[in-house]
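Peer 1: Sharing my_file.json, JSON, C-alpha atoms:
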[["chain", "number", "residue", "atom", "x", "y", "z"],
["A", 23, "MET", "CA", 9.57, 4.62, 45.08],
["A", 24, "THR", "CA", 8.54, 5.75, 41.62],
["A", 25, "LYS", "CA", 6.97, 9.02, 40.57],
["A", 26, "PRO", "CA", 3.34, 8.88, 39.52],
["A", 27, "SER", "CA", 2.73, 9.84, 35.92],
["A", 28, "LEU", "CA", 0.95, 13.08, 35.18],
["A", 29, "GLY", "CA", -1.92, 11.70, 33.14],
["A", 30, "LYS", "CA", 0.34, 10.49, 30.35],
["A", 31, "SER", "CA", 0.29, 6.78, 29.68],
["A", 32, "THR", "CA", 3.67, 5.09, 29.61],
["A", 33, "SER", "CA", 2.32, 1.70, 28.65],
["A", 34, "PRO", "CA", 3.43, 0.70, 25.14],
["A", 35, "SER", "CA", 0.52, -1.72, 24.87],
["A", 36, "GLN", "CA", -2.00, 1.13, 25.00],
["A", 37, "GLY", "CA", -0.28, 2.77, 22.01],
["A", 38, "ASN", "CA", -0.43, -0.55, 20.17],
["A", 39, "ILE", "CA", -4.14, -0.86, 20.93],
["A", 40, "VAL", "CA", -4.84, 2.61, 19.55],
["A", 41, "ILE", "CA", -2.78, 2.05, 16.39],
["A", 42, "GLY", "CA", -4.26, -1.42, 15.93],
["A", 43, "SER", "CA", -7.76, -0.02, 16.31],
["A", 44, "ILE", "CA", -7.08, 2.68, 13.72],
["A", 45, "VAL", "CA", -5.69, 0.14, 11.24],
["A", 46, "ALA", "CA", -8.62, -2.23, 11.88],
["A", 47, "THR", "CA", -11.07, 0.64, 11.29],
["A", 48, "LEU", "CA", -9.30, 1.61, 8.05],
["A", 49, "ILE", "CA", -9.59, -1.99, 6.83],
["A", 50, "ALA", "CA", -13.20, -2.30, 7.98],
["A", 51, "ILE", "CA", -14.33, 0.77, 6.00],
["A", 52, "SER", "CA", -12.83, -0.54, 2.75],
["A", 53, "PRO", "CA", -16.12, -2.04, 1.44],
["A", 54, "TYR", "CA", -17.81, 1.31, 2.00],
["A", 55, "LEU", "CA", -15.02, 3.05, 0.10],
["A", 56, "PHE", "CA", -15.48, 0.64, -2.79],
["A", 57, "TYR", "CA", -19.22, 1.28, -3.04],
["A", 58, "LEU", "CA", -18.81, 5.07, -3.08],
["A", 59, "HIS", "CA", -19.00, 4.82, -6.88],
["A", 60, "GLU", "CA", -22.73, 4.08, -6.55],
["A", 61, "SER", "CA", -23.29, 7.66, -5.39],
["A", 62, "VAL", "CA", -21.85, 8.96, -8.68],
["A", 63, "PRO", "CA", -24.37, 9.54, -11.48],
["A", 64, "ASP", "CA", -24.37, 7.38, -14.60],
["A", 65, "THR", "CA", -23.93, 10.30, -17.02],
["A", 66, "GLN", "CA", -21.09, 11.54, -19.19],
["A", 67, "ILE", "CA", -20.84, 14.93, -17.42],
["A", 68, "TRP", "CA", -21.00, 15.25, -13.64],
["A", 69, "ASP", "CA", -21.56, 18.81, -12.47],
["A", 70, "THR", "CA", -21.09, 19.56, -8.76],
["A", 71, "PHE", "CA", -20.60, 22.80, -6.84],
["A", 72, "LEU", "CA", -16.87, 21.97, -6.55],
["A", 73, "PHE", "CA", -16.07, 20.79, -10.07],
["A", 74, "THR", "CA", -17.36, 19.58, -13.41],
["A", 75, "TYR", "CA", -16.12, 16.22, -14.61],
["A", 76, "ASN", "CA", -16.46, 15.12, -18.24],
["A", 77, "SER", "CA", -15.89, 11.43, -18.88],
["A", 78, "GLY", "CA", -14.60, 11.37, -22.42],
["A", 79, "TYR", "CA", -13.11, 7.91, -22.88],
["A", 80, "TYR", "CA", -15.42, 5.91, -20.59],
["A", 81, "GLU", "CA", -18.60, 7.86, -21.48],
["A", 82, "SER", "CA", -19.93, 7.37, -17.93],
["A", 83, "VAL", "CA", -18.69, 9.03, -14.75],
["A", 84, "ASN", "CA", -20.03, 6.10, -12.74],
["A", 85, "LEU", "CA", -17.93, 3.68, -14.80],
["A", 86, "VAL", "CA", -14.79, 5.79, -14.30],
["A", 87, "PHE", "CA", -15.28, 5.80, -10.54],
["A", 88, "TRP", "CA", -16.04, 2.07, -10.51],
["A", 89, "VAL", "CA", -12.78, 1.34, -12.38],
["A", 90, "LEU", "CA", -10.87, 3.74, -10.11],
["A", 91, "ALA", "CA", -12.33, 2.06, -7.03],
["A", 92, "GLY", "CA", -11.13, -1.30, -8.40],
["A", 93, "LYS", "CA", -7.60, 0.10, -8.65],
["A", 94, "LEU", "CA", -7.42, 2.45, -5.65],
["A", 95, "LEU", "CA", -8.93, 0.12, -3.05],
["A", 96, "PRO", "CA", -6.30, -2.65, -3.48],
["A", 97, "LEU", "CA", -3.66, 0.10, -3.54],
["A", 98, "TYR", "CA", -5.07, 1.49, -0.29],
["A", 99, "LEU", "CA", -5.01, -1.95, 1.36],
["A", 100, "LEU", "CA", -1.49, -2.66, 0.07],
["A", 101, "PHE", "CA", -0.25, 0.62, 1.56],
["A", 102, "LEU", "CA", -1.84, -0.31, 4.90],
["A", 103, "TRP", "CA", -0.17, -3.71, 4.73],
["A", 104, "PHE", "CA", 3.18, -2.19, 3.73],
["A", 105, "PHE", "CA", 3.25, 0.33, 6.57],
["A", 106, "THR", "CA", 2.09, -2.16, 9.22],
["A", 107, "CYS", "CA", 3.99, -5.29, 8.14],
["A", 108, "ARG", "CA", 6.67, -6.45, 10.57],
["A", 109, "HIS", "CA", 8.25, -9.14, 8.40],
["A", 110, "TRP", "CA", 11.60, -8.80, 6.65],
["A", 111, "TRP", "CA", 10.05, -9.36, 3.20],
["A", 112, "TYR", "CA", 7.62, -6.41, 3.27],
["A", 113, "HIS", "CA", 9.58, -4.57, 0.56],
["A", 114, "VAL", "CA", 8.23, -7.07, -1.96],
["A", 115, "LEU", "CA", 4.84, -5.36, -1.50],
["A", 116, "LEU", "CA", 6.27, -2.45, -3.49],
["A", 117, "VAL", "CA", 5.84, -4.51, -6.69],
["A", 118, "PRO", "CA", 2.00, -4.73, -6.54],
["A", 119, "ILE", "CA", 1.92, -1.16, -5.18],
["A", 120, "ALA", "CA", 3.82, 0.00, -8.27],
["A", 121, "MET", "CA", 1.54, -2.08, -10.53],
["A", 122, "TYR", "CA", -1.68, -0.64, -9.07],
["A", 123, "SER", "CA", -0.19, 2.87, -9.11],
["A", 124, "TYR", "CA", 0.61, 2.50, -12.80],
["A", 125, "GLN", "CA", -2.88, 1.15, -13.52],
["A", 126, "THR", "CA", -4.46, 4.04, -11.62],
["A", 127, "PHE", "CA", -2.44, 6.53, -13.63],
["A", 128, "ASP", "CA", -3.56, 4.84, -16.83],
["A", 129, "VAL", "CA", -7.22, 4.93, -15.78],
["A", 130, "ILE", "CA", -6.92, 8.66, -15.25],
["A", 131, "ASN", "CA", -5.17, 9.11, -18.59],
["A", 132, "ARG", "CA", -8.08, 9.13, -21.08],
["A", 133, "ASP", "CA", -5.97, 8.63, -24.20],
["A", 134, "VAL", "CA", -4.95, 5.05, -23.35],
["A", 135, "GLN", "CA", -7.19, 2.37, -24.86],
["A", 136, "PHE", "CA", -5.91, -0.69, -23.01],
["A", 137, "PHE", "CA", -4.86, 0.48, -19.57],
["A", 138, "ASP", "CA", -3.74, -2.96, -18.33],
["A", 139, "SER", "CA", -1.28, -3.56, -21.17],
["A", 140, "ASN", "CA", 2.53, -3.20, -21.11],
["A", 141, "GLN", "CA", 2.67, -2.55, -17.39],
["A", 142, "LEU", "CA", 5.32, -5.23, -16.89],
["A", 143, "ILE", "CA", 7.78, -3.14, -18.88],
["A", 144, "TYR", "CA", 7.42, -0.34, -16.34],
["A", 145, "LEU", "CA", 7.62, -2.72, -13.39],
["A", 146, "ILE", "CA", 10.88, -4.38, -14.50],
["A", 147, "PRO", "CA", 13.18, -1.72, -12.95],
["A", 148, "ILE", "CA", 11.29, -1.87, -9.66],
["A", 149, "MET", "CA", 11.33, -5.66, -9.65],
["A", 150, "ALA", "CA", 15.02, -5.69, -10.63],
["A", 151, "ILE", "CA", 15.84, -3.88, -7.39],
["A", 152, "ILE", "CA", 13.37, -5.42, -4.96],
["A", 153, "ILE", "CA", 13.54, -9.12, -5.84],
["A", 154, "PRO", "CA", 17.36, -9.46, -5.59],
["A", 155, "SER", "CA", 17.29, -7.41, -2.37],
["A", 156, "ILE", "CA", 14.78, -9.79, -0.82],
["A", 157, "TYR", "CA", 16.84, -12.81, -1.83],
["A", 158, "LEU", "CA", 20.02, -11.24, -0.42],
["A", 159, "ILE", "CA", 18.29, -10.60, 2.90],
["A", 160, "ARG", "CA", 16.96, -14.16, 2.86],
["A", 161, "ALA", "CA", 20.45, -15.52, 2.14],
["A", 162, "ARG", "CA", 21.90, -13.49, 5.02],
["A", 163, "ILE", "CA", 19.23, -14.86, 7.35],
["A", 164, "PHE", "CA", 19.96, -18.46, 6.40],
["A", 165, "ASN", "CA", 23.72, -17.92, 6.67],
["A", 166, "LYS", "CA", 23.23, -16.62, 10.19],
["A", 167, "ILE", "CA", 20.99, -19.60, 11.00],
["A", 168, "ASN", "CA", 23.78, -21.96, 9.98],
["A", 169, "GLU", "CA", 26.37, -20.02, 12.01],
["A", 170, "ALA", "CA", 24.32, -19.23, 15.11],
["A", 171, "THR", "CA", 21.89, -20.84, 17.44],
["A", 172, "LYS", "CA", 19.23, -18.15, 17.10],
["A", 173, "THR", "CA", 15.68, -18.96, 16.10],
["A", 174, "MET", "CA", 14.15, -17.70, 12.86],
["A", 175, "GLU", "CA", 12.06, -15.14, 14.76],
["A", 176, "GLU", "CA", 15.15, -13.72, 16.49],
["A", 177, "LEU", "CA", 16.92, -13.38, 13.15],
["A", 178, "GLU", "CA", 13.90, -11.70, 11.53],
["A", 179, "ASP", "CA", 13.85, -9.23, 14.43],
["A", 180, "GLU", "CA", 17.57, -8.59, 13.90],
["A", 181, "PHE", "CA", 17.03, -7.71, 10.21],
["A", 182, "LYS", "CA", 13.85, -5.76, 10.88],
["A", 183, "ILE", "CA", 14.03, -2.01, 10.30],
["A", 184, "SER", "CA", 11.85, -0.63, 13.04],
["A", 185, "PRO", "CA", 11.18, 3.10, 12.88],
["A", 186, "LYS", "CA", 9.53, 4.51, 15.97],
["A", 187, "ASN", "CA", 6.52, 6.00, 14.22],
["A", 188, "PHE", "CA", 4.67, 6.24, 10.91],
["A", 189, "TRP", "CA", 6.55, 9.30, 9.63],
["A", 190, "GLU", "CA", 9.97, 7.76, 10.34],
["A", 191, "LYS", "CA", 8.89, 4.75, 8.30],
["A", 192, "VAL", "CA", 7.83, 7.04, 5.43],
["A", 193, "LYS", "CA", 11.12, 9.00, 5.64],
["A", 194, "GLN", "CA", 13.03, 5.74, 5.44],
["A", 195, "TYR", "CA", 12.00, 5.42, 1.79],
["A", 196, "PHE", "CA", 12.63, 9.00, 0.68]]
The structure given in the file should be rewritten as structure tokens.
Peer 2:
Amino acid sequence: MTKPSLGKSTSPSQGNIVIGSIVATLIAISPYLFYLHESVPDTQIWDTFLFTYNSGYYESVNLVFWVLAGKLLPLYLLFLWFFTCRHWWYHVLLVPIAMYSYQTFDVINRDVQFFDSNQLIYLIPIMAIIIPSIYLIRARIFNKINEATKTMEELEDEFKISPKNFWEKVKQYF
């Protein structure tokens, strides 16, 4: 005879439903986040009760926020994908994350004239670490396939780093 639970759910599927619903909601609101720039005035100086923003390089606050939305929204979706991906290759998502992060920094930096130029130079060290790592993991998987009778899914699960929660997954990288 088992003890009844005291109002606390022990079903792991309920936790998955809640997390899945949160992630689905975060993805579903992305178009609304993109169009937030339309609520920003099309002037060079935007004065609110919290701050005053002067758009020097772009000459329009609306344009700055439109460009930022074009950089931050893909970055937002890539972070969601990175932290919810269950495949062994998810580290490769760090390359576009680094690219969009660099572009966002350049948008904010008003002194740069061409913010999409020379970004590959800054991505080379990141790519030099991630791409060989992914190929080494792939090689290990295929070596185990040749030696064992496991399926590809079983081998992916074996190589998967599965932290228990979101913060453990974040701590894994720092």
Peer 1: With only C-alpha atoms as the atoms that count, which of A:Ala120, A:Trp111, A:Ser43, A:Ile49 lies nearest to Leu158 in chain A?
Peer 2: A:Trp111
Peer 1: Determine the nearest neighbour of Ser82 in chain A from the options A:Arg162, A:Thr106, A:Leu100, A:Gln66, counting only C-alpha atoms.
Peer 2: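 Closest to Ser82 in chain A of all the choices is A:Gln66.
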Peer 1: Please provide as a ChimeraX atom specification all residues within 10 Å of Leu58 in chain A, with the sequence filter that same-chain residues fewer than 2 positions apart are discarded (counting all atoms listed in the file).
Peer 2: /A:53-56,60-62,84,87-88,91
Peer 1: With all atoms listed in the file counted, which protein, DNA or RNA residues have an atom no more than 7 Å from (8.7, -11.7, 11.5) in the file frame? Please answer as a ChimeraX atom specification.
Peer 2: /A:108-110,175,178-179
Peer 1: I need the residue nearest Phe127 in chain A from this list: A:Ala161, A:Ile148, A:Leu99, A:Leu90. Use all atoms listed in the file for the distance.
Peer 2: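 With all atoms listed in the file as the atom set, the closest residue is A:Leu90.
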Peer 1: Which value, in Å to one decimal, gives the distance between CA of Ile153 in chain A and CA of Tyr112 in chain A?
Peer 2: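 Value for the CA of Ile153 in chain A-CA of Tyr112 in chain A distance: 11.2 Å.
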Peer 1: Using only C-alpha atoms, which residue out of A:Ala50, A:Tyr157, A:Thr173, A:Ile146 lies closest to Leu102 in chain A?
Peer 2: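 Checking each of A:Ala50, A:Tyr157, A:Thr173, A:Ile146 against Leu102 in chain A, counting only C-alpha atoms, the winner is A:Ala50.
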Peer 1: Find the residues near Pro118 in chain A: any atom within 10 Å, counting all atoms listed in the file, skip ones fewer than 5 places away on the same chain, and give them as JSON, numbers by chain.
Peer 2: {"A": [96, 97, 100, 101, 123, 124, 145, 149]}
Peer 1: Which residue gives the smallest distance to Ile143 in chain A among A:Leu72, A:Met121, A:Ile163, A:Val40, with all atoms listed in the file counted?
Peer 2: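 Ranking A:Leu72, A:Met121, A:Ile163, A:Val40 by distance to Ile143 in chain A, first place goes to A:Met121.
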Peer 1: So the first atom is CA of Cys107 in chain A and the second is CA of Ile41 in chain A; what is the distance between them in Å, to one decimal place?
Peer 2: 13.0 Å
Peer 1: Would you mind reading off the distance between CA of Gly92 in chain A and CA of Ile156 in chain A, one decimal, in Å?
Peer 2: 28.3 Å
